[in-house]
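Notes follow the structure.
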Amino acid sequence: MGSAPPYPTKPLKILMLHGFTQSGPSFRSKTRALEKNLQKAFPAGVSLVYPTAPIHLAAADIPFTLPSAADTPEGQEPEQPDAWAWWRRKGDSEPYTYEGLEQGLDTIADVLKREGPFDGVIGFSQGGAMSAMVAALLEPGRREGFEKLYKEGCMRYPESFEADTGFITETIHPPLKFAVSYSGFAARGVEIYRGFYEPKISTPVLHFLGTMDAVVEEARSLALVERCEKSEGRMVYHPGGHFLPSSQKAYVAALVGFIKEVIAEVEAGEKGKASEESVEDMDVPF
């Protein structure tokens, strides 16, 4: 009896979601090492897609100084930053609202339709929060859950994720096999955004938290962990701040191991399903 293949037998396609004030190209430049490590780990192939969020941030939208602004000579107006977001947080206290969230989701829905299907999603910071949201939206039954909560004043299921087949409404993309959140968090306006987390996110999610992260506090990241099923063993701390550890071997190994485990389970399930269908299709003498 042969052993299972050590790697996914098909190429992987992963959606990469950048953080607040980043862009697709800037996020890619920061994760070059990760991309190379994934290519080595998965010989069947890995394709990473880096979209840019739709909301262009002005300097007034950014509560800290970007390096490019700090380098502006005295007396000159700083250039508009190449800074983008999936939403803008509104409000001085909880619960916050995410202005433009629907616009951010529309952009991702367009990428899913044009460039999918994707196996998984990896996000950093605001993109880490969004990666969990996207995984949730594509789960079976999630739309119905949103509609029930909508009657209680919560957000409605985004239309851009609905695919109308003529007689039944489905999602635009199959459920993702996995999601990875680096310095991600749960939406703080949970009463409005409960649909993403009730019921808990069933897609396998791996969480990376920085012990020195001063941007996204640990409690916010743990709130996302708590809103995911089977979170035990899927939380990794790294001894750093608000960044994605893309070259340190231990953390790359944790990511690779997680993806291999999830894909192996999916491929085994697909193989079993195919075997059942082939038996059902056999001609029987009775």
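Here, A, B, ... name the chains of the structure tokens in the order displayed, residue numbers run from 1 inside each chain, and ligands are numbered from 1 in the same displayed order.
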Taking a cut-off of 12 Å and counting only C-alpha atoms, can you build a table that, for each residue of segment 16-49 of chain A near segment 177-181 of chain A, reports the nearest atom pair and how far apart they are in Å (one decimal), sorted by chain then residue number, as JSON lines?
```
{"residue": "A:Met16", "atom": "CA", "partner": "A:Val180", "partner_atom": "CA", "distance": 9.6}
{"residue": "A:Leu17", "atom": "CA", "partner": "A:Ser181", "partner_atom": "CA", "distance": 9.6}
{"residue": "A:His18", "atom": "CA", "partner": "A:Ser181", "partner_atom": "CA", "distance": 10.8}
{"residue": "A:Gly19", "atom": "CA", "partner": "A:Ser181", "partner_atom": "CA", "distance": 10.8}
```
Item to check | For Gly100 of chain A: contacts at 8 Å, only C-alpha atoms, fewer than 6 positions along chain excluded, given as a ChimeraX atom specification | outcome: /A:55,86-88
With all heavy atoms retained, could you export that selection as a PDB file, in the first residue's frame?
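So the final result, stored in part21.pdb, reads:
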```pdb
ATOM      1  N   ILE A  55      -9.424  51.818  -1.460  1.00  0.00           N
ATOM      2  CA  ILE A  55      -9.541  53.120  -0.794  1.00  0.00           C
ATOM      3  C   ILE A  55      -8.164  53.780  -0.688  1.00  0.00           C
ATOM      4  O   ILE A  55      -7.291  53.310   0.054  1.00  0.00           O
ATOM      5  CB  ILE A  55     -10.171  52.962   0.597  1.00  0.00           C
ATOM      6  CG1 ILE A  55     -11.571  52.336   0.476  1.00  0.00           C
ATOM      7  CG2 ILE A  55     -10.240  54.303   1.319  1.00  0.00           C
ATOM      8  CD1 ILE A  55     -12.206  51.963   1.799  1.00  0.00           C
ATOM      9  N   TRP A  86      -8.570  48.620   2.969  1.00  0.00           N
ATOM     10  CA  TRP A  86      -9.782  47.854   2.662  1.00  0.00           C
ATOM     11  C   TRP A  86     -10.999  48.537   3.282  1.00  0.00           C
ATOM     12  O   TRP A  86     -12.124  48.299   2.883  1.00  0.00           O
ATOM     13  CB  TRP A  86      -9.644  46.425   3.172  1.00  0.00           C
ATOM     14  CG  TRP A  86      -8.487  45.701   2.555  1.00  0.00           C
ATOM     15  CD1 TRP A  86      -7.293  45.378   3.151  1.00  0.00           C
ATOM     16  CD2 TRP A  86      -8.378  45.239   1.205  1.00  0.00           C
ATOM     17  NE1 TRP A  86      -6.453  44.759   2.260  1.00  0.00           N
ATOM     18  CE2 TRP A  86      -7.094  44.648   1.053  1.00  0.00           C
ATOM     19  CE3 TRP A  86      -9.248  45.269   0.109  1.00  0.00           C
ATOM     20  CZ2 TRP A  86      -6.661  44.089  -0.150  1.00  0.00           C
ATOM     21  CZ3 TRP A  86      -8.816  44.711  -1.095  1.00  0.00           C
ATOM     22  CH2 TRP A  86      -7.539  44.138  -1.209  1.00  0.00           C
ATOM     23  N   TRP A  87     -10.764  49.396   4.286  1.00  0.00           N
ATOM     24  CA  TRP A  87     -11.820  50.220   4.895  1.00  0.00           C
ATOM     25  C   TRP A  87     -11.165  51.290   5.750  1.00  0.00           C
ATOM     26  O   TRP A  87      -9.962  51.218   6.044  1.00  0.00           O
ATOM     27  CB  TRP A  87     -12.773  49.366   5.744  1.00  0.00           C
ATOM     28  CG  TRP A  87     -12.136  48.727   6.957  1.00  0.00           C
ATOM     29  CD1 TRP A  87     -11.778  49.333   8.137  1.00  0.00           C
ATOM     30  CD2 TRP A  87     -11.756  47.353   7.104  1.00  0.00           C
ATOM     31  NE1 TRP A  87     -11.212  48.430   8.997  1.00  0.00           N
ATOM     32  CE2 TRP A  87     -11.191  47.200   8.399  1.00  0.00           C
ATOM     33  CE3 TRP A  87     -11.863  46.226   6.281  1.00  0.00           C
ATOM     34  CZ2 TRP A  87     -10.719  45.973   8.874  1.00  0.00           C
ATOM     35  CZ3 TRP A  87     -11.393  45.014   6.758  1.00  0.00           C
ATOM     36  CH2 TRP A  87     -10.819  44.900   8.043  1.00  0.00           C
ATOM     37  N   ARG A  88     -11.950  52.287   6.143  1.00  0.00           N
ATOM     38  CA  ARG A  88     -11.516  53.296   7.118  1.00  0.00           C
ATOM     39  C   ARG A  88     -12.323  53.085   8.389  1.00  0.00           C
ATOM     40  O   ARG A  88     -13.545  52.963   8.335  1.00  0.00           O
ATOM     41  CB  ARG A  88     -11.785  54.719   6.619  1.00  0.00           C
ATOM     42  CG  ARG A  88     -10.927  55.186   5.476  1.00  0.00           C
ATOM     43  CD  ARG A  88     -11.227  56.672   5.220  1.00  0.00           C
ATOM     44  NE  ARG A  88     -10.499  57.217   4.079  1.00  0.00           N
ATOM     45  CZ  ARG A  88     -10.960  57.240   2.842  1.00  0.00           C
ATOM     46  NH1 ARG A  88     -12.159  56.735   2.577  1.00  0.00           N
ATOM     47  NH2 ARG A  88     -10.247  57.763   1.866  1.00  0.00           N
TER      48      ARG A  88
END
```
Next on the checklist: Could you pull out the alpha helix (DSSP H) residues of segment 143-278 of chain A, going by DSSP on the backbone, and write them as a count of residues only?
Outcome noted: 47
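Backbone DSSP of segment 9-162 of chain A yields strand (DSSP E) at Leu12, Lys13, Ile14, Leu15, Met16, Leu17, Val46, Ser47, Leu48, Val49, Ile55, His56, Trp84, Ala85, Arg88, Arg89, Lys90, Thr97, Tyr98, Glu99, Gly120, Val121, Ile122, Gly123, Phe124 and Glu162 of chain A.
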Checklist entry - Residues at most 12 Å from Leu34 of chain A, counting only C-alpha atoms, excluding those fewer than 6 positions away in the same chain, as a ChimeraX atom specification? => result /A:16,27-28,40-41,46,48,122,244-249,251-253,255-256
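Residue nearest Lys260 of chain A within the list A:Ser93, A:His173, A:Gly120, A:Pro25: A:Gly120 [criterion: smallest interatomic distance, only C-alpha atoms].
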Each residue of segment 114-166 of chain A lying at most 8 Å from segment 197-205 of chain A should get a row with its shortest atom-to-atom pair and the distance in Å to one decimal, counting only C-alpha atoms; could you produce that, ordered by chain and increasing number, as CSV?
```
residue,atom,partner,partner_atom,distance
A:Ala132,CA,A:Val205,CA,7.5
A:Ala135,CA,A:Thr203,CA,6.4
A:Ala136,CA,A:Ile201,CA,5.6
A:Glu139,CA,A:Thr203,CA,7.4
A:Gly145,CA,A:Glu198,CA,7.4
```
Next on the checklist: So that I can see what lies close to Phe185 of chain A, please list as a PyMOL selection string the residues with an atom at most 7 Å from it, counting only C-alpha atoms and leaving out residues fewer than 5 positions away in the same chain.
Outcome noted: chain A and resi 128-129+220-221+223-224
Write the residues you've just listed into a file as a compact mmCIF listing (two decimals), in the first residue's frame, and include C-alpha atoms for each of them.
```txt
# COMPACT_ATOMS: atom_id res chain seq x y z
CA GLY A 128 -5.46 39.55 8.17
CA ALA A 129 -8.84 40.62 9.49
CA ARG A 220 -7.81 42.00 19.45
CA SER A 221 -6.01 39.14 17.72
CA ALA A 223 -10.77 37.83 19.73
CA LEU A 224 -10.39 36.59 16.15
```
Checklist entry - Which residue out of A:Arg142, A:His238, A:Lys90, A:Lys151 has the minimum interatomic distance to Asp213 of chain A when only C-alpha atoms are used? => result A:His238
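Residue nearest His56 of chain A within the list A:Ala83, A:Val262, A:Val236, A:Lys113: A:Ala83 [criterion: smallest interatomic distance, only C-alpha atoms].
What separates atom CA of Tyr193 of chain A from atom CA of Cys154 of chain A is a distance of 6.2 Å.
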Checklist outcome for this item: As a check of understanding: the span from atom CA of Ile172 of chain A to atom CA of Leu138 of chain A is 8.0 Å
Next on the checklist: Excluding Pro95 of chain A and its own-chain neighbours fewer than 3 positions away, which residues fall within 12 Å of it when counting only C-alpha atoms? Please give them as number ranges by chain.
Outcome noted: A: 89-92, 98, 186-194
File of the preceding selection, all heavy atoms, as a short mmCIF file (atom, residue, chain, number, x, y, z; two decimals), in the first residue's frame:
```cif
data_model
loop_
_atom_site.label_atom_id
_atom_site.label_comp_id
_atom_site.auth_asym_id
_atom_site.auth_seq_id
_atom_site.Cartn_x
_atom_site.Cartn_y
_atom_site.Cartn_z
N ARG A 89 -11.66 53.06 9.51
CA ARG A 89 -12.37 52.91 10.78
C ARG A 89 -12.96 54.24 11.21
O ARG A 89 -12.26 55.25 11.24
CB ARG A 89 -11.43 52.38 11.86
CG ARG A 89 -12.17 51.87 13.09
CD ARG A 89 -11.20 51.39 14.14
NE ARG A 89 -10.57 52.52 14.85
CZ ARG A 89 -9.62 52.39 15.76
NH1 ARG A 89 -9.17 51.19 16.07
NH2 ARG A 89 -9.11 53.44 16.38
N LYS A 90 -14.24 54.23 11.55
CA LYS A 90 -14.92 55.45 11.98
C LYS A 90 -15.39 55.30 13.42
O LYS A 90 -15.89 54.25 13.82
CB LYS A 90 -16.12 55.74 11.07
CG LYS A 90 -15.74 56.14 9.65
CD LYS A 90 -15.00 57.48 9.66
CE LYS A 90 -14.61 57.89 8.24
NZ LYS A 90 -13.88 59.17 8.23
N GLY A 91 -15.27 56.38 14.19
CA GLY A 91 -15.71 56.37 15.57
C GLY A 91 -14.55 56.53 16.53
O GLY A 91 -13.42 56.11 16.25
N ASP A 92 -14.81 57.16 17.66
CA ASP A 92 -13.78 57.39 18.67
C ASP A 92 -13.76 56.30 19.74
O ASP A 92 -12.86 56.24 20.56
CB ASP A 92 -14.00 58.75 19.34
CG ASP A 92 -13.85 59.89 18.34
OD1 ASP A 92 -12.98 59.78 17.45
OD2 ASP A 92 -14.60 60.87 18.46
N TYR A 98 -16.83 50.33 9.94
CA TYR A 98 -15.79 50.27 8.91
C TYR A 98 -16.33 50.88 7.63
O TYR A 98 -17.00 50.21 6.84
CB TYR A 98 -15.36 48.82 8.69
CG TYR A 98 -14.60 48.21 9.85
CD1 TYR A 98 -14.39 46.84 9.92
CD2 TYR A 98 -14.08 49.02 10.86
CE1 TYR A 98 -13.68 46.28 10.97
CE2 TYR A 98 -13.37 48.47 11.91
CZ TYR A 98 -13.17 47.10 11.96
OH TYR A 98 -12.46 46.55 13.00
N ALA A 186 -10.40 40.63 15.05
CA ALA A 186 -11.84 40.57 14.79
C ALA A 186 -12.37 42.00 14.71
O ALA A 186 -11.88 42.89 15.41
CB ALA A 186 -12.54 39.80 15.90
N ALA A 187 -13.37 42.20 13.86
CA ALA A 187 -13.98 43.52 13.74
C ALA A 187 -14.51 43.97 15.10
O ALA A 187 -15.22 43.22 15.76
CB ALA A 187 -15.10 43.48 12.71
N ARG A 188 -14.17 45.17 15.50
CA ARG A 188 -14.56 45.64 16.84
C ARG A 188 -16.03 46.03 16.90
O ARG A 188 -16.61 46.07 17.97
CB ARG A 188 -13.67 46.81 17.25
CG ARG A 188 -12.29 46.34 17.73
CD ARG A 188 -11.56 47.46 18.42
NE ARG A 188 -10.45 46.95 19.20
CZ ARG A 188 -9.73 47.71 20.03
NH1 ARG A 188 -10.03 48.98 20.19
NH2 ARG A 188 -8.73 47.20 20.70
N GLY A 189 -16.62 46.36 15.76
CA GLY A 189 -18.04 46.64 15.77
C GLY A 189 -18.80 45.34 15.63
O GLY A 189 -19.58 45.14 14.71
N VAL A 190 -18.55 44.42 16.58
CA VAL A 190 -19.04 43.05 16.44
C VAL A 190 -20.55 42.96 16.32
O VAL A 190 -21.07 42.04 15.67
CB VAL A 190 -18.56 42.16 17.62
CG1 VAL A 190 -17.07 41.90 17.50
CG2 VAL A 190 -18.88 42.80 18.96
N GLU A 191 -21.29 43.89 16.92
CA GLU A 191 -22.74 43.83 16.81
C GLU A 191 -23.17 44.03 15.35
O GLU A 191 -24.12 43.41 14.90
CB GLU A 191 -23.39 44.89 17.71
CG GLU A 191 -23.28 44.57 19.19
CD GLU A 191 -23.86 43.19 19.53
OE1 GLU A 191 -25.01 42.92 19.15
OE2 GLU A 191 -23.15 42.39 20.15
N ILE A 192 -22.47 44.88 14.64
CA ILE A 192 -22.79 45.14 13.24
C ILE A 192 -22.28 44.00 12.36
O ILE A 192 -22.94 43.59 11.41
CB ILE A 192 -22.16 46.47 12.78
CG1 ILE A 192 -22.62 47.61 13.67
CG2 ILE A 192 -22.49 46.75 11.31
CD1 ILE A 192 -21.88 48.91 13.43
N TYR A 193 -21.10 43.48 12.71
CA TYR A 193 -20.43 42.52 11.84
C TYR A 193 -20.50 41.08 12.35
O TYR A 193 -19.66 40.25 12.01
CB TYR A 193 -18.96 42.95 11.66
CG TYR A 193 -18.84 44.38 11.19
CD1 TYR A 193 -18.24 45.36 11.97
CD2 TYR A 193 -19.37 44.77 9.96
CE1 TYR A 193 -18.15 46.67 11.55
CE2 TYR A 193 -19.29 46.08 9.53
CZ TYR A 193 -18.68 47.03 10.33
OH TYR A 193 -18.60 48.34 9.90
N ARG A 194 -21.50 40.79 13.16
CA ARG A 194 -21.63 39.45 13.75
C ARG A 194 -21.74 38.36 12.69
O ARG A 194 -21.36 37.22 12.94
CB ARG A 194 -22.86 39.40 14.66
CG ARG A 194 -22.66 40.03 16.02
CD ARG A 194 -23.99 40.30 16.71
NE ARG A 194 -24.81 39.09 16.82
CZ ARG A 194 -26.12 39.10 17.04
NH1 ARG A 194 -26.76 40.25 17.14
NH2 ARG A 194 -26.78 37.98 17.15
#
```
